[in-house]
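S.K.: Handing you a structure now.
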Amino acid sequence: MAVNRISIDELLGMARISAQDSPVDKEPLSSLSEDAVAKAEEEIEDAIRNNYNGTPMVMPLLVKRRDESDYWLVPLEPAISVTGKNVIVTRSVSKSKLKGSVKEYWAQDDYSITIRGKIVGSANSAYPKSDVQRLIRYCEAGTELDVQCRLLELFGIEKMVINSFEFPFTKGENNQHYVITATSDSSYDLFINLNEEENNV
């Protein structure tokens, strides 16, 4: 999904005008390095990603497989729900006069993620076949997906695995609803360094 370059250029122009009119103690934009300007443009692009209709998305979702270098921006901003769960091992105390149980172990389970959205074809096209096919490929990837979303970032979620997906009947020939359920994924290093183990003995 292409970002609205006109909006970005307008914002950059406003930033340059603001920098020229700013007090002397502020560094003008013209004195910034090319890397600093490029970084500023990336931040602006990330902040004003637009959907098909040109409407700014508050929490856009971007996904990619491990064999891809670029993220794919989901065309229309989906509704994302995150559910957390604590794993608690309890034990009842025999012949105890106290009510309740003893909590022996407390851990954080994986997050459950539900993504509900709709893909819409452009004004001059019918069914959005290419976008639907691409989303299906992600659903059937058979591996974890890298994800970027402001809501998911709040929970520290950078990867997810898809458990199930549904593309139900949708009214309108250029619309397609979808529901995806996923689980957060983390990378663990399960290899043991034998040299470190020998040094600790």
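To be explicit about the labels: the chains of the structure tokens are called A, B, and onward in the order shown, and within each one the residues are counted from 1, while ligands get numbers from 1 in the order they are shown.
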I need the residues of region 57-193 of chain A that end up classed as strand (DSSP E or B) by DSSP on the backbone, written out as a PyMOL selection string.

M.R.: chain A and resi 62-64+72-73+79-83+86-91+102-108+112-120+145-148+159-166+175-185

S.K.: Just how far from CA of Ser186 (chain A) is CA of Met160 (chain A), in Å to one decimal?

M.R.: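 Interatomic distance here is 8.1 Å.
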
S.K.: What gap, in Å, lies between CA of Gln176 (chain A) and CA of Ile157 (chain A)?

M.R.: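 Interatomic distance, CA of Gln176 (chain A) to CA of Ile157 (chain A): 26.7 Å.
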
S.K.: Name all residues at most 6 Å from Ile180 (chain A) (count only C-alpha atoms; drop same-chain ones fewer than 4 positions away) and give them as a list of chain:residue names.

M.R.: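 The residues satisfying every condition are A:Thr114, A:Ile115, A:Ser164, A:Phe165.
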
S.K.: When you look at Glu158 (chain A) with a cut-off of 9 Å (counting only C-alpha atoms), what residues show up, excluding the ones that are within fewer than 5 positions of it in the same chain? I need them as a ChimeraX atom specification.

M.R.: /A:145-149,152-153,184-186

S.K.: Limited to C-alpha atoms, could you put the picked residues into a file as a short mmCIF file (atom, residue, chain, number, x, y, z; two decimals), in the first residue's frame?

M.R.:
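For reference, part.cif as written:
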data_model
loop_
_atom_site.label_atom_id
_atom_site.label_comp_id
_atom_site.auth_asym_id
_atom_site.auth_seq_id
_atom_site.Cartn_x
_atom_site.Cartn_y
_atom_site.Cartn_z
CA LEU A 145 5.09 -13.75 10.96
CA ASP A 146 6.84 -10.52 11.85
CA VAL A 147 4.26 -7.88 12.76
CA GLN A 148 4.27 -4.16 13.44
CA CYS A 149 1.35 -2.42 15.11
CA LEU A 152 0.92 -5.01 19.66
CA GLU A 153 4.07 -3.05 20.53
CA SER A 184 2.14 -14.27 20.06
CA ASP A 185 5.52 -15.87 19.48
CA SER A 186 8.92 -15.29 21.05
#
